[in-house]
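Quick look at protein_26.cif (mmCIF, C-alpha atoms and all ligand atoms):
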```cif
data_structure
#
loop_
_atom_site.label_atom_id
_atom_site.label_comp_id
_atom_site.auth_asym_id
_atom_site.auth_seq_id
_atom_site.Cartn_x
_atom_site.Cartn_y
_atom_site.Cartn_z
CA MET A 13 78.22 105.21 112.92
CA SER A 14 78.66 102.35 115.37
CA GLU A 15 80.31 103.92 118.44
CA LEU A 16 77.54 102.55 120.67
CA ASN A 17 77.01 99.26 118.86
CA GLY A 18 75.13 96.87 121.13
CA LYS A 19 75.13 99.22 124.13
CA ARG A 20 71.97 98.96 126.23
CA ILE A 21 70.92 102.42 127.40
CA PHE A 22 68.25 103.74 129.79
CA ILE A 23 67.57 107.49 129.62
CA THR A 24 65.36 109.36 132.09
CA GLY A 25 63.24 112.29 130.87
CA SER A 26 63.81 111.24 127.26
CA ALA A 27 60.40 111.93 125.71
CA ALA A 28 61.54 115.44 124.74
CA GLY A 29 64.42 117.90 124.56
CA ILE A 30 67.97 116.84 125.35
CA GLY A 31 67.01 113.34 126.52
CA ARG A 32 65.20 112.66 123.26
CA ALA A 33 68.22 113.90 121.27
CA ILE A 34 70.49 111.54 123.24
CA ALA A 35 68.11 108.65 122.55
CA SER A 36 68.02 109.52 118.85
CA LEU A 37 71.81 109.78 118.44
CA ALA A 38 72.44 106.65 120.53
CA LEU A 39 70.11 104.72 118.23
CA GLU A 40 71.93 106.13 115.17
CA GLN A 41 75.17 104.90 116.75
CA GLY A 42 73.89 101.35 117.14
CA ALA A 43 72.61 101.33 120.73
CA GLN A 44 69.45 99.75 122.08
CA VAL A 45 67.53 102.38 124.03
CA VAL A 46 64.72 102.36 126.59
CA VAL A 47 62.93 105.71 126.76
CA SER A 48 61.59 106.86 130.14
CA ASP A 49 59.64 109.95 131.15
CA LEU A 50 57.22 111.37 133.69
CA ASP A 51 54.85 111.63 130.72
CA ALA A 52 54.47 107.94 129.85
CA ALA A 53 52.34 108.59 126.76
CA ALA A 54 54.93 111.00 125.35
CA ALA A 55 57.64 108.41 126.06
CA GLU A 56 55.65 105.80 124.11
CA ALA A 57 55.27 108.19 121.18
CA THR A 58 58.98 109.10 121.19
CA ALA A 59 60.05 105.45 121.42
CA ALA A 60 57.83 104.56 118.46
CA GLU A 61 59.06 107.52 116.38
CA LEU A 62 62.73 106.80 117.06
CA GLY A 63 62.55 103.01 116.91
CA ALA A 64 63.64 102.48 120.52
CA ALA A 65 63.52 99.06 122.20
CA GLY A 66 60.69 100.14 124.49
CA THR A 67 59.71 102.36 127.39
CA ALA A 68 59.96 102.13 131.18
CA SER A 69 58.51 105.34 132.54
CA CYS A 70 58.72 106.85 136.02
CA ASP A 71 58.82 110.04 138.01
CA VAL A 72 62.51 110.07 138.96
CA SER A 73 61.72 111.52 142.38
CA ASP A 74 59.78 108.35 143.30
CA GLU A 75 62.35 105.75 144.40
CA ALA A 76 60.05 102.72 144.11
CA ALA A 77 58.95 103.80 140.63
CA VAL A 78 62.58 104.33 139.56
CA GLN A 79 63.56 100.87 140.85
CA ALA A 80 60.66 99.33 138.93
CA ALA A 81 61.53 101.25 135.74
CA VAL A 82 65.20 100.23 135.88
CA ALA A 83 64.16 96.60 136.40
CA GLU A 84 61.74 96.88 133.47
CA ALA A 85 64.45 98.39 131.25
CA VAL A 86 66.89 95.63 132.20
CA GLY A 87 64.20 93.09 131.29
CA ILE A 88 63.63 94.69 127.89
CA LEU A 89 67.34 95.12 127.11
CA GLY A 90 68.69 91.95 128.72
CA GLY A 91 71.06 94.00 130.90
CA LEU A 92 72.27 97.59 131.15
CA ASP A 93 75.42 99.31 129.88
CA VAL A 94 74.53 102.99 130.32
CA LEU A 95 72.30 105.06 132.59
CA VAL A 96 71.69 108.65 131.46
CA ASN A 97 70.33 110.79 134.30
CA ASN A 98 68.74 113.46 132.15
CA ALA A 99 65.34 114.25 133.73
CA GLY A 100 65.37 117.66 135.36
CA ILE A 101 63.15 120.65 136.07
CA GLU A 102 63.76 124.37 136.41
CA VAL A 103 62.27 127.00 138.70
CA ALA A 104 62.63 130.68 137.83
CA SER A 105 62.39 132.64 141.07
CA PRO A 106 64.46 134.94 143.24
CA LEU A 107 65.76 132.49 145.84
CA VAL A 108 64.30 134.10 148.93
CA GLN A 109 60.88 134.32 147.28
CA GLN A 110 60.79 130.63 146.36
CA SER A 111 58.46 128.46 148.44
CA THR A 112 60.07 125.72 150.50
CA GLU A 113 57.81 123.17 148.80
CA SER A 114 59.09 124.24 145.39
CA PHE A 115 62.70 124.12 146.69
CA ASP A 116 62.14 120.57 147.98
CA ARG A 117 60.55 119.50 144.67
CA ILE A 118 63.44 120.67 142.49
CA PHE A 119 65.92 118.84 144.74
CA ALA A 120 63.71 115.72 144.63
CA VAL A 121 63.76 115.64 140.82
CA ASN A 122 67.25 117.00 140.02
CA VAL A 123 69.27 115.42 142.86
CA ARG A 124 67.30 112.60 144.51
CA GLY A 125 66.28 111.40 141.02
CA PRO A 126 69.83 110.74 139.79
CA PHE A 127 70.77 109.36 143.24
CA VAL A 128 68.02 106.73 143.32
CA ALA A 129 68.45 105.85 139.63
CA THR A 130 72.18 105.40 140.19
CA LYS A 131 71.54 103.10 143.15
CA ALA A 132 69.09 101.03 141.10
CA ALA A 133 71.37 100.81 138.05
CA VAL A 134 74.78 100.21 139.61
CA PRO A 135 74.49 96.43 140.20
CA HIS A 136 73.70 96.02 136.48
CA LEU A 137 76.46 98.43 135.43
CA VAL A 138 79.00 96.56 137.57
CA GLU A 139 78.00 93.38 135.76
CA SER A 140 78.41 94.96 132.30
CA GLY A 141 81.36 97.29 133.02
CA GLY A 142 79.02 100.13 132.11
CA ASN A 143 78.82 103.83 132.84
CA ILE A 144 76.62 106.75 133.89
CA VAL A 145 76.19 110.12 132.16
CA ASN A 146 74.63 112.85 134.32
CA ILE A 147 73.10 115.88 132.60
CA ALA A 148 74.17 118.73 134.89
CA SER A 149 74.49 122.38 133.75
CA ILE A 150 76.81 125.37 133.77
CA ALA A 151 74.34 126.53 136.43
CA GLY A 152 76.18 124.10 138.69
CA LEU A 153 79.43 126.03 138.14
CA GLY A 154 78.32 129.62 138.66
CA GLY A 155 75.43 131.62 140.00
CA SER A 156 72.58 132.99 137.92
CA PRO A 157 69.79 135.31 139.04
CA LEU A 158 66.39 133.57 139.16
CA LEU A 159 68.00 130.12 139.13
CA GLY A 160 69.25 129.83 142.73
CA SER A 161 67.73 126.46 143.61
CA TYR A 162 68.40 125.10 140.09
CA CYS A 163 72.08 126.14 140.39
CA ALA A 164 72.31 124.39 143.77
CA THR A 165 70.82 121.15 142.37
CA LYS A 166 73.24 121.08 139.44
CA ALA A 167 76.24 121.78 141.70
CA ALA A 168 75.05 118.83 143.80
CA LEU A 169 74.83 116.63 140.69
CA ILE A 170 78.40 117.53 139.69
CA GLN A 171 79.57 116.51 143.17
CA LEU A 172 77.56 113.27 143.05
CA THR A 173 79.28 112.58 139.70
CA ARG A 174 82.74 113.02 141.21
CA VAL A 175 82.12 110.96 144.32
CA THR A 176 80.30 108.14 142.50
CA ALA A 177 83.13 108.00 139.96
CA VAL A 178 85.76 107.67 142.67
CA GLU A 179 83.80 105.12 144.68
CA LEU A 180 82.98 102.98 141.62
CA ARG A 181 86.37 103.19 139.86
CA ALA A 182 87.55 99.83 141.22
CA SER A 183 84.39 98.15 139.97
CA GLY A 184 85.00 99.40 136.42
CA VAL A 185 81.97 101.70 136.26
CA ARG A 186 82.65 105.19 134.88
CA VAL A 187 80.57 108.25 135.85
CA ASN A 188 80.69 111.59 134.02
CA ALA A 189 78.61 114.74 133.60
CA VAL A 190 77.92 117.29 130.92
CA CYS A 191 77.30 120.94 131.79
CA PRO A 192 75.40 122.65 128.97
CA GLY A 193 74.70 126.36 128.65
CA PHE A 194 71.33 127.52 127.29
CA ALA A 195 70.02 124.98 124.77
CA ASP A 196 67.02 125.12 122.49
CA THR A 197 64.37 123.14 124.39
CA SER A 198 61.04 123.82 126.04
CA MET A 199 62.89 124.41 129.34
CA VAL A 200 64.55 127.50 127.88
CA ASP A 201 61.29 128.59 126.23
CA ARG A 202 59.74 128.61 129.71
CA LEU A 203 62.68 130.59 131.22
CA ARG A 204 62.88 133.22 128.46
CA PRO A 205 60.17 135.66 129.69
CA ASP A 206 61.45 135.63 133.28
CA PHE A 207 65.01 136.37 132.16
CA GLU A 208 63.84 139.18 129.91
CA GLY A 209 61.79 140.62 132.77
CA ALA A 210 64.70 140.47 135.20
CA THR A 211 67.46 141.75 132.89
CA GLN A 212 65.46 144.04 130.55
CA VAL A 213 67.60 142.53 127.75
CA PRO A 214 66.06 140.49 124.90
CA PHE A 215 66.93 136.85 125.56
CA GLY A 216 68.31 136.40 122.04
CA ASP A 217 70.78 139.27 122.63
CA LEU A 218 71.86 137.78 125.96
CA VAL A 219 72.49 134.40 124.33
CA ALA A 220 74.29 135.92 121.33
CA ALA A 221 76.58 137.98 123.58
CA LYS A 222 77.36 135.22 126.09
CA GLN A 223 77.42 131.98 124.09
CA GLY A 224 77.17 132.89 120.38
CA ARG A 225 73.98 130.91 119.82
CA LEU A 226 71.66 128.57 121.63
CA GLY A 227 73.01 125.07 121.96
CA THR A 228 71.07 122.38 120.13
CA PRO A 229 69.97 119.21 121.89
CA ARG A 230 72.19 117.43 119.35
CA ASP A 231 75.27 119.43 120.54
CA ILE A 232 74.75 117.91 123.97
CA ALA A 233 73.86 114.45 122.69
CA GLU A 234 77.19 114.30 120.79
CA VAL A 235 79.20 114.61 124.00
CA ALA A 236 76.86 112.46 126.09
CA CYS A 237 77.12 109.64 123.52
CA PHE A 238 80.92 110.00 123.35
CA LEU A 239 81.14 109.70 127.16
CA ALA A 240 78.84 106.65 127.05
CA SER A 241 81.05 104.95 124.45
CA ASP A 242 84.18 102.85 124.89
CA ARG A 243 86.17 105.67 123.24
CA ALA A 244 85.90 107.44 126.62
CA SER A 245 87.22 104.44 128.56
CA TRP A 246 89.74 106.47 130.61
CA ILE A 247 87.34 109.30 131.40
CA THR A 248 85.58 109.21 134.74
CA GLY A 249 84.64 111.83 137.32
CA SER A 250 84.73 114.59 134.66
CA SER A 251 82.23 117.35 133.93
CA TYR A 252 82.26 118.65 130.35
CA VAL A 253 81.28 122.28 129.74
CA LEU A 254 79.33 122.84 126.49
CA ASP A 255 78.43 126.52 126.37
CA GLY A 256 79.90 128.35 123.37
CA GLY A 257 82.43 129.98 125.71
CA LEU A 258 79.99 131.48 128.25
CA THR A 259 81.85 130.31 131.36
CA ALA A 260 85.25 131.11 129.80
CA SER A 261 84.44 134.82 129.48
CA LEU A 262 84.75 137.56 132.09
CA VAL A 263 83.12 140.18 129.83
N1 LIG B 301 67.76 123.29 128.00
C1 LIG B 301 68.84 123.82 128.58
O1 LIG B 301 69.23 124.94 128.28
C2 LIG B 301 69.60 123.03 129.59
C3 LIG B 301 70.87 123.51 129.95
C4 LIG B 301 71.61 122.80 130.89
C5 LIG B 301 71.10 121.64 131.41
N2 LIG B 301 69.86 121.19 131.06
C6 LIG B 301 69.39 119.96 131.67
O2 LIG B 301 69.11 119.02 130.65
C7 LIG B 301 68.10 118.12 131.12
C8 LIG B 301 66.99 118.05 130.09
O3 LIG B 301 66.46 119.35 129.95
P1 LIG B 301 65.59 119.83 128.69
O4 LIG B 301 66.04 121.20 128.38
O5 LIG B 301 65.60 118.79 127.65
O6 LIG B 301 64.17 119.93 129.41
P2 LIG B 301 62.70 119.72 128.84
O7 LIG B 301 61.81 120.35 129.85
O8 LIG B 301 62.65 120.18 127.42
O9 LIG B 301 62.51 118.14 128.87
C9 LIG B 301 62.61 117.46 130.10
C10 LIG B 301 61.94 116.10 130.01
O10 LIG B 301 62.03 115.52 131.34
C11 LIG B 301 60.74 115.08 131.72
N3 LIG B 301 60.60 115.17 133.18
C12 LIG B 301 60.35 116.26 133.93
N4 LIG B 301 60.25 115.94 135.23
C13 LIG B 301 60.45 114.60 135.30
C14 LIG B 301 60.42 113.67 136.37
N5 LIG B 301 60.17 114.06 137.63
N6 LIG B 301 60.67 112.36 136.10
C15 LIG B 301 60.89 111.95 134.83
N7 LIG B 301 60.89 112.78 133.77
C16 LIG B 301 60.67 114.10 134.01
C17 LIG B 301 59.76 115.99 131.01
O11 LIG B 301 58.47 115.39 130.90
C18 LIG B 301 60.45 116.20 129.66
O12 LIG B 301 60.11 115.21 128.72
C19 LIG B 301 67.65 118.64 132.48
O13 LIG B 301 68.31 117.93 133.51
C20 LIG B 301 68.11 120.08 132.45
O14 LIG B 301 68.31 120.59 133.73
C21 LIG B 301 69.10 121.86 130.15
#
```

As structure tokens, the full file:
Amino acid sequence: MSELNGKRIFITGSAAGIGRAIASLALEQGAQVVVSDLDAAAAEATAAELGAAGTASCDVSDEAAVQAAVAEAVGILGGLDVLVNNAGIEVASPLVQQSTESFDRIFAVNVRGPFVATKAAVPHLVESGGNIVNIASIAGLGGSPLLGSYCATKAALIQLTRVTAVELRASGVRVNAVCPGFADTSMVDRLRPDFEGATQVPFGDLVAAKQGRLGTPRDIAEVACFLASDRASWITGSSYVLDGGLTASLV
């Protein structure tokens, strides 16, 4: 497969889970990838295992660190064609019981992170005619108990996607989002006990009833890599739902 032949891609939070799957598929499709993560050692290990071009790690909530990581990635890759804003965290808590510090932290990672990474990457993307893929969530489209602040961050990311796409259209930079349902990563492993406690329904039954099965990181990578490719050249400002029909169903 060569859909991403020669594309130079920087992916935040890509040591594990969905970000790692995007890195892996992008490499299979001919891209050059720089892996980045809060956990720099895990990023190094992932980059070595996958055969990535290198690493440029940062905490996405730290603007100076993000600017430095984007500059490092551009140095490794010789430019930038695609930014994937994947890094994100979850908090499982009834909204009114969540501490304000925890609320601020999830916004710093899930919203400020993509914002500052976008600002750092855009001059390079304008130069290359590149694009941005934001990893949002169906939690940005509807409410879920226990995920109030997470839902709000993902709704914000969908809106950032739309506005950035419109503002950057004339410069030739596309911006899109994917909105996955529950996918098989450590994030969902962490959420599982809280959901079971709140609903009194086994998590597997909830997933089977609402979305057929858990998504795989690869399911999400397939669409992220399509959006990053030139095959998606007329697609910008869009948010793609990948959820086995969860949001389509009223019952
Ligand atoms: N797993 C799901 O069901 C699901 C569904 C919808 C959307 N998402 C979104 O997909 C993205 C990836 O989620 P995942 O399930 O792979 O999660 P994960 O927890 O399995 O992996 C997230 C990765 O991001 C890194 N990370 C965390 N905080 C960071 C920070 N501040 N700066 C840089 N890196 C950081 C972690 O170290 C980890 O390697 C997130 O934005 C998440 O909200 C996940």

Subject >> Test item: residues lying within 6 Å of ligand LIG 301 (chain B) with all atoms listed in the file, as a ChimeraX atom specification >> reply: /A:24-31,49-51,70-73,98-101,121,147-149,192-200

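Minimum atom-to-atom distance to A:Val145, evaluated using only C-alpha atoms, belongs to A:Asp93 out of A:Asp201, A:Glu15, A:Glu208, A:Asp93.
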
**OP:** Identify, on the basis of only C-alpha atoms, every residue whose closest approach to A:Val190 does not exceed 12 Å; exclude the query and any residue fewer than 6 positions from it along the same chain; express the result as a PyMOL selection string.
**Re:** chain A and resi 30+96-98+144-153+166-167+169-170+173+231-240+248-255

Subject >> Non-local contacts of A:Ser69 (12 Å; only C-alpha atoms; under 5 positions in same chain excluded) as JSON, numbers by chain >> reply: {"A": [22, 23, 24, 25, 26, 27, 46, 47, 48, 49, 50, 51, 52, 53, 54, 55, 56, 58, 59, 74, 76, 77, 78, 79, 80, 81, 82, 83, 84, 85, 99]}

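The space between atom CA of A:Arg225 and atom CA of A:Thr211 spans 18.2 Å.
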
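Comparing the minimum interatomic distances between A:Cys191 and each of A:Gln41, A:Thr259, A:Ser114, A:Gln109, counting all atoms listed in the file, we find that A:Thr259 sits nearest.
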
**OP:** One decimal, Å: what's the distance from atom CA of A:Phe119 over to atom CA of A:Pro106, could you say?
**Re:**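 Separation between atom CA of A:Phe119 and atom CA of A:Pro106: 16.2 Å.
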
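If you measure from each of A:Gln44, A:Thr165, A:Ser183, A:Thr130 to A:Ile88 using all atoms listed in the file, the closest one turns out to be A:Gln44.
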
Subject >> A:Val134 surroundings by all atoms listed in the file, 9 Å radius, close-in-sequence under 3 positions cut, as a ChimeraX atom specification >> reply: /A:95,129-131,137-139,142-144,180,185
